[in-house]
Every structure is written in structure tokens, then in C-alpha cells.
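To keep things clear, I will list the structure first and then write my remarks on it.
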Amino acid sequence: MIKNVGIIGAGTMGSGIAQVAATAGCLVKLFDVNQPALDKAEAKLEKILNRLIEKGRIDADEKNRIQGNIQYVNSLKELADADLTIEAIIENLDIKKKVFQELESYVSDTSIIASNTSSLSIASIAASLEKPERCIGIHFFNPAPLMKLVEVIPAVQTSQAVLDMCTQEIARWKKVVAVAKDTPGFIVNRVARPFYGEALRLYEEGVADFATIDWAMKSIGGFRMGPYELMDFIGNDINYTVTETVFNAFYQDPRYKPSFTQQRYSQAGYLGRKSGRGYYDYANEGADNAFAKANPTTDQELGKMIFDRILVMLINEAADALFWNIASAEDIDNAMTKGVNYPKGLLVWADEKGIDWCVSQMDALYDEYREDRYRCTPLLRRMNKRGHKFFG
């Protein structure tokens with residue numbers, strides 16, 4: 001059991017992780033160089049805990065216990081006694097390396113140093129340390145207190161003891177752990193690319209507008225949010241940057257090719273809810289009404305075609321992640337249901353639709369476009385020939 005936890009970065013993610021660790025009984029030091037950020041994090045936690053009391057989920061004693069487990073510090077030296085430190089700062093490799101090198105000069109030789117990065121190489125971060133075997137990726141999803149999934153990513157340098165300790169500890173924090181190979185996007189940010197990318201492709205081809213594509217994925221597919229609603233929620237600038245990062249990290253593999261539409265919307269400042277305008281207009285309608293006012297075309301045949309095309313691309317990506325041993329089948333499905341709230345695991349979905357259906361759908365797309373973007377993963381072909389399923 002890990003007792004002392006350091007968190008670097010008092011933004012939304014860092015403060016959320018601090019709350020999770022403190023709730024689990026760890027003594028947490030939340031560090032940020034910006035004192036106003038620390039004050040804001042402390043005030044936000046007070047508000048969150050008061051809301052939980054109002055809902056009857058905790059009592060005043062529990063609130064005081066959680067608050068008492070967190071210290072707010074503005075010197076990195078204060079994390080010297082941490083058994084585990086999780087960094088949650090800007091997605092910039094050079095900055096992370098600099099922070100990790102300074103941190104290592106303060107902590108003990110047995111202290112674990114982790115990054116919450118969603119897309120950067122853990123091996124590259126670990127290489128900045130004198131003891132790279134202590135470094136690991138621990139990727140939470142936003143909001144950290146609510147989202148069940150945590151991806152744990154060992155670098156090639158990470159020791160087995162560090163991996164075992166982190167998976168056990170994060171599970172003790174009542175999170176669902178998915179162990180992923182240190183490859184671009186890990187599980188979720190890799191497998192989810194077609195949810196956005198193929199939706200953008202359908203729009204650019206003139207198949208349907210934003211609202212119709214969102215309607216199809218929600219009403220027919222059962223997703224909580226459509227791809228355009230979700231991109232507006234995440235922020236088009238953030239989503240585009242992740243897409244571009246994954247595309248370049250995979251040596252320009254066309255499966256991850258960014259969209260000009262998303263680039264132009266980002267360049268125009270149409271970033272989504274946070275800017276008041278994205279694929280929908282939030283300034284005039286508000287977040288709850290923007291989609292409802294968009295008037296989607298509710299043609300069932302069109303909707304099924306949209307859903308099937310995006311779904312099979314997602315399934316193909318999930319199967320390909322399994323083919324390359326990025327994670328186990330169980331962890332891949334858990335990642336998508338617990339990390340981004342998909343209505344069911346993509347590999348379970350593949351079994352239900354039929355592996356032969358998946359292969360034929362992918363081959364039909366490839367025959368039409370003749371683009372490597374639509375290549376069927378070898379794993380689906382092998383399973384189809386042998387009559388296998390992912391589960392059962």
C-alpha cells in the first residue's frame with residue numbers, strides 16, 4: 001500500500017487525481033508553482049465535497065477526512081517523501097522531462113514517478129531519469145473522481161515490481177485498471193480515433209451533416225454523445241492536436257489522418273462549448289439546447305449506414321490493437337466502456353455482429369476507396385477463417 005502521494009499540477013486533472021487518492025486514504029501533496037491555481041483547486045474541492053454531502057454520498061466527517069489528507073504546496077521539494085508522484089501538467093515532453101529530473105533529485109531511490117500523459121512516450125519520459133525503471137504511465141480520464149478507467153502504461157524500462165505496485169494501488173483506489181503497451185494513444189486515444197475521424201469523413205463526403213451523424217450514433221448506436229457533440233465537449237483544439245499527434249507518431253498511417261474540417265474549425269476559434277461555438281452554437285442556445293435545435297435528418301436507412309460504417313472502423317481499430325498486443329481483449333473493452341462510456345465493448349460488439357460481417361464491411365470500404373485507411377486488420381481475417389470469436 002502506498003501512503004504518501006505527490007501530484008504535480010493543480011489543474012482539473014491534477015486536483016481530481018488528488019481527490020481520488022485522498023479519498024482512498026493516501027496523504028496527498030498537491031503541487032503547483034501557481035498559488036492561485038492551488039487556491040482554486042482547494043475551493044473547488046470544497047464545493048465538490050459539499051455537493052456530495054447534499055446528495056447523501058458522504059457525511060461531514062468524511063469530507064473533513066478527505067480535506068485533511070491533502071496539502072497544497074508550491075515547492076517541488078515538498079514532494080520528497082512521496083512514495084508515488086503523478087505528474088499532470090502540459091503535454092510537452094521537454095517540460096515533463098525537466099520536471100521529472102528535478103523531482104528525482106528530491107525523492108528516495110524507491111519512489112515511483114508517473115506521468116498522466118495521454119499520448120506521449122513513457123519511454124522518452126523515463127529516459128530523462130537516472131533510475132528509469134521507476135517511471136510509469138498512469139493515465140486517468142476526466143473527471144478523474146467519476147471516470148472508472150485508469151490506463152497503466154509500463155515503459156520498456158519499467159520494472160515489473162513498479163508495474164505490480166501501481167496496478168494494485170490504483171485498483172485499491174477503486175478504479176478499473178487497463179494495462180497498455182507504450183504505443184501512441186495507448187488504448188483509448190488510439191481505438192477511439194475512428195469515432196471522430198470517420199464521422200468527419202462522412203461529413204466531408206457530403207453523406208450527412210453534423211446533427212444527423214450525431215443522431216445516428218445516439219439513437220441507433222446507443223452512444224451517450226455523438227462524435228460532434230463530444231468533440232465540442234472535449235474542445236476541437238485538443239481533439240485535433242491529439243489526432244495530429246497520433247497520426248505523426250504512427251508515421252503518417254492514413255488510418256489516423258487528421259481532418260481539414262476540424263483543422264479549419266480550430267483555426268477559426270470554433271473550439272466547442274468553451275468558446276461558445278463549435279460544430280454547434282452554444283452562445284445562443286446553451287449546451288443542452290444546441291443539438292436539439294440542429295434538426296437532424298432522422299432517416300433510418302441513412303442512420304444505419306452511418307452507424308455501421310463508424311462502428312466497423314472502431315471494431316477494426318480495437319481488433320488491430322489486440323493484434324499488436326497493445327492490451328488484452330478484456331482490457332481493450334473495459335477501456336472503451338469505462339474510459340469513454342461506449343455502450344458496449346467493441347470486441348463484444350464484433351462477436352454480436354459477426355466476424356464475417358466485420359470483414360465484409362471493411363473489404364467493401366476498401367474496394368470502394370482503395371485507401372489503406374480501410375484495410376482490414378489481419379486478426380479479423382484469421383478469426384473469420386477459423387470461425388473464432390473474441391469471447392466464448
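Residues are referred to by chain and number: the chain letter is A, B, ... according to the order shown in the C-alpha cells, the number counts from 1 in that chain, and ligands are numbered separately from 1 in the order shown.
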Near A:Ile112, counting only C-alpha atoms, which residues have an atom at most 8 Å away, once you skip same-chain residues fewer than 5 positions from it, shown as a PyMOL selection string? chain A and resi 83-85+134-136+162
Save the residues we just selected, all heavy atoms, as a tab-separated table (two decimals), in the first residue's frame?
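Result file again.tsv:
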chain	number	residue	atom	x	y	z
A	83	ASP	N	5.87	8.39	-1.92
A	83	ASP	CA	6.11	7.02	-2.40
A	83	ASP	C	5.76	6.91	-3.88
A	83	ASP	O	6.33	6.11	-4.62
A	83	ASP	CB	5.24	6.02	-1.61
A	83	ASP	CG	5.46	6.11	-0.12
A	83	ASP	OD1	6.64	6.06	0.29
A	83	ASP	OD2	4.48	6.26	0.62
A	84	LEU	N	4.81	7.74	-4.30
A	84	LEU	CA	4.37	7.80	-5.69
A	84	LEU	C	4.04	9.24	-6.03
A	84	LEU	O	3.32	9.91	-5.29
A	84	LEU	CB	3.11	6.94	-5.90
A	84	LEU	CG	2.32	7.14	-7.20
A	84	LEU	CD1	3.13	6.69	-8.41
A	84	LEU	CD2	0.99	6.38	-7.14
A	85	THR	N	4.59	9.73	-7.14
A	85	THR	CA	4.24	11.05	-7.63
A	85	THR	C	3.65	10.92	-9.02
A	85	THR	O	4.21	10.21	-9.88
A	85	THR	CB	5.47	11.98	-7.70
A	85	THR	OG1	6.03	12.12	-6.39
A	85	THR	CG2	5.09	13.35	-8.23
A	134	ARG	N	11.93	3.26	-12.48
A	134	ARG	CA	10.90	3.73	-11.54
A	134	ARG	C	9.76	4.47	-12.23
A	134	ARG	O	8.77	4.83	-11.60
A	134	ARG	CB	11.53	4.66	-10.50
A	134	ARG	CG	12.00	5.98	-11.13
A	134	ARG	CD	12.23	7.07	-10.09
A	134	ARG	NE	13.54	6.97	-9.48
A	134	ARG	CZ	13.80	7.41	-8.25
A	134	ARG	NH1	12.84	7.97	-7.54
A	134	ARG	NH2	15.00	7.33	-7.74
A	135	CYS	N	9.89	4.70	-13.53
A	135	CYS	CA	8.92	5.54	-14.26
A	135	CYS	C	7.84	4.69	-14.91
A	135	CYS	O	8.10	3.58	-15.42
A	135	CYS	CB	9.66	6.34	-15.32
A	135	CYS	SG	8.62	7.53	-16.19
A	136	ILE	N	6.62	5.23	-14.93
A	136	ILE	CA	5.47	4.50	-15.50
A	136	ILE	C	4.40	5.52	-15.91
A	136	ILE	O	4.39	6.66	-15.42
A	136	ILE	CB	4.90	3.50	-14.47
A	136	ILE	CG1	3.96	2.48	-15.13
A	136	ILE	CG2	4.23	4.22	-13.29
A	136	ILE	CD1	3.63	1.29	-14.23
A	162	VAL	N	7.48	-2.24	-10.08
A	162	VAL	CA	6.79	-0.95	-10.16
A	162	VAL	C	5.43	-1.13	-10.83
A	162	VAL	O	4.42	-0.57	-10.36
A	162	VAL	CB	7.65	0.08	-10.93
A	162	VAL	CG1	6.82	1.30	-11.31
A	162	VAL	CG2	8.84	0.50	-10.07
When DSSP is applied to the backbone of this structure, which of stretch 17-221 of chain A are assigned strand (DSSP E)? Write them out as a PyMOL selection string. chain A and resi 27-31+70-73+84-87+112-115+135-140+149-154+176-179
Identify, on the basis of only C-alpha atoms, every residue whose closest approach to stretch 243-257 of chain A does not exceed 12 Å; exclude the query and any residue fewer than 5 positions from it along the same chain; express the result as a ChimeraX atom specification. /A:91-92,118-121,182-198,200-201,231,236-238,262-263,313-314,316-317,320,366,370-377
Find the residues near A:Ala144: any atom within 7 Å, counting only C-alpha atoms, skip ones fewer than 2 places away on the same chain, and give them as number ranges by chain. A: 13, 16-17, 140-142, 146-147
Please produce a file of the residues just selected, as a compact mmCIF listing (two decimals), in the first residue's frame, where the atoms kept are N, CA and C atoms.
# COMPACT_ATOMS: atom_id res chain seq x y z
N MET A 13 -7.32 18.01 -13.92
CA MET A 13 -6.91 16.62 -13.81
C MET A 13 -6.12 16.37 -12.53
N GLY A 16 -8.29 16.51 -9.50
CA GLY A 16 -9.18 15.34 -9.49
C GLY A 16 -8.46 14.09 -9.00
N ILE A 17 -7.24 13.88 -9.45
CA ILE A 17 -6.45 12.73 -9.00
C ILE A 17 -6.15 12.85 -7.51
N PHE A 140 -5.31 8.81 -16.09
CA PHE A 140 -6.69 8.96 -15.65
C PHE A 140 -7.51 9.64 -16.75
N PHE A 141 -8.82 9.52 -16.62
CA PHE A 141 -9.73 10.17 -17.57
C PHE A 141 -10.55 11.22 -16.83
N ASN A 142 -10.93 12.24 -17.54
CA ASN A 142 -11.58 13.41 -16.95
C ASN A 142 -13.11 13.27 -16.95
N LEU A 146 -14.88 10.61 -11.20
CA LEU A 146 -16.06 9.92 -11.72
C LEU A 146 -15.72 8.80 -12.70
N MET A 147 -14.71 9.00 -13.54
CA MET A 147 -14.39 8.01 -14.56
C MET A 147 -13.65 6.83 -13.95
From the DSSP assignment of the backbone, select every residue of stretch 60-164 of chain A that is alpha helix (DSSP H), and format the answer as a PyMOL selection string. chain A and resi 60-68+93-104+122-126+160-164
Polymer residues at most 12 Å from A:Asp333, only C-alpha atoms, same-chain spacing of 6 or more positions, as number ranges by chain: A: 149, 176-179, 187-188, 191-192, 314-315, 317-319, 321-322, 327, 339-350, 390-391
What lies within 7 Å of A:Ala211 using only C-alpha atoms, ignoring chain neighbours under 2 positions off, as a list in words?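 Returned residues: Asp209, Ile213, Asp214, Trp215, Phe291, Ala294, Asn295 and Pro296 of chain A.
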Between A:Lys44, A:Asn69, A:Glu54, A:Ser15, single out the one closest to A:Val28, counting only C-alpha atoms.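 Among the listed residues, A:Asn69 lies closest to A:Val28.
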Which one of A:Met305, A:Phe323, A:Thr117, A:Lys338 sits closest to A:Pro378 if you count only C-alpha atoms?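 That would be A:Phe323, the residue with the smallest distance to A:Pro378.
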Selection near stretch 76-78 of chain A, 7 Å with only C-alpha atoms, sequence-local residues under 6 positions removed, as a PDB file with N, CA and C atoms, in the first residue's frame:
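Generated file (out-v4.pdb):
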ATOM      1  N   PHE A  31       1.017  19.838  -5.740  1.00  0.00           N
ATOM      2  CA  PHE A  31       1.994  20.882  -6.035  1.00  0.00           C
ATOM      3  C   PHE A  31       1.626  21.665  -7.287  1.00  0.00           C
ATOM      4  N   LEU A 103      12.472  16.539  -9.841  1.00  0.00           N
ATOM      5  CA  LEU A 103      11.804  15.729  -8.818  1.00  0.00           C
ATOM      6  C   LEU A 103      12.696  14.587  -8.353  1.00  0.00           C
ATOM      7  N   TYR A 106      15.042  14.998  -5.481  1.00  0.00           N
ATOM      8  CA  TYR A 106      14.489  15.166  -4.142  1.00  0.00           C
ATOM      9  C   TYR A 106      13.981  13.856  -3.523  1.00  0.00           C
TER      10      TYR A 106
END
Using atom CA of A:Ser159 and atom CA of A:Gly14 as the two end points, give the distance in Å to one decimal. 24.8 Å
Using only C-alpha atoms, which residue out of A:Lys131, A:Lys47, A:Lys218, A:Lys97 lies closest to A:Asp109?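 Smallest distance to A:Asp109 is found for A:Lys131.
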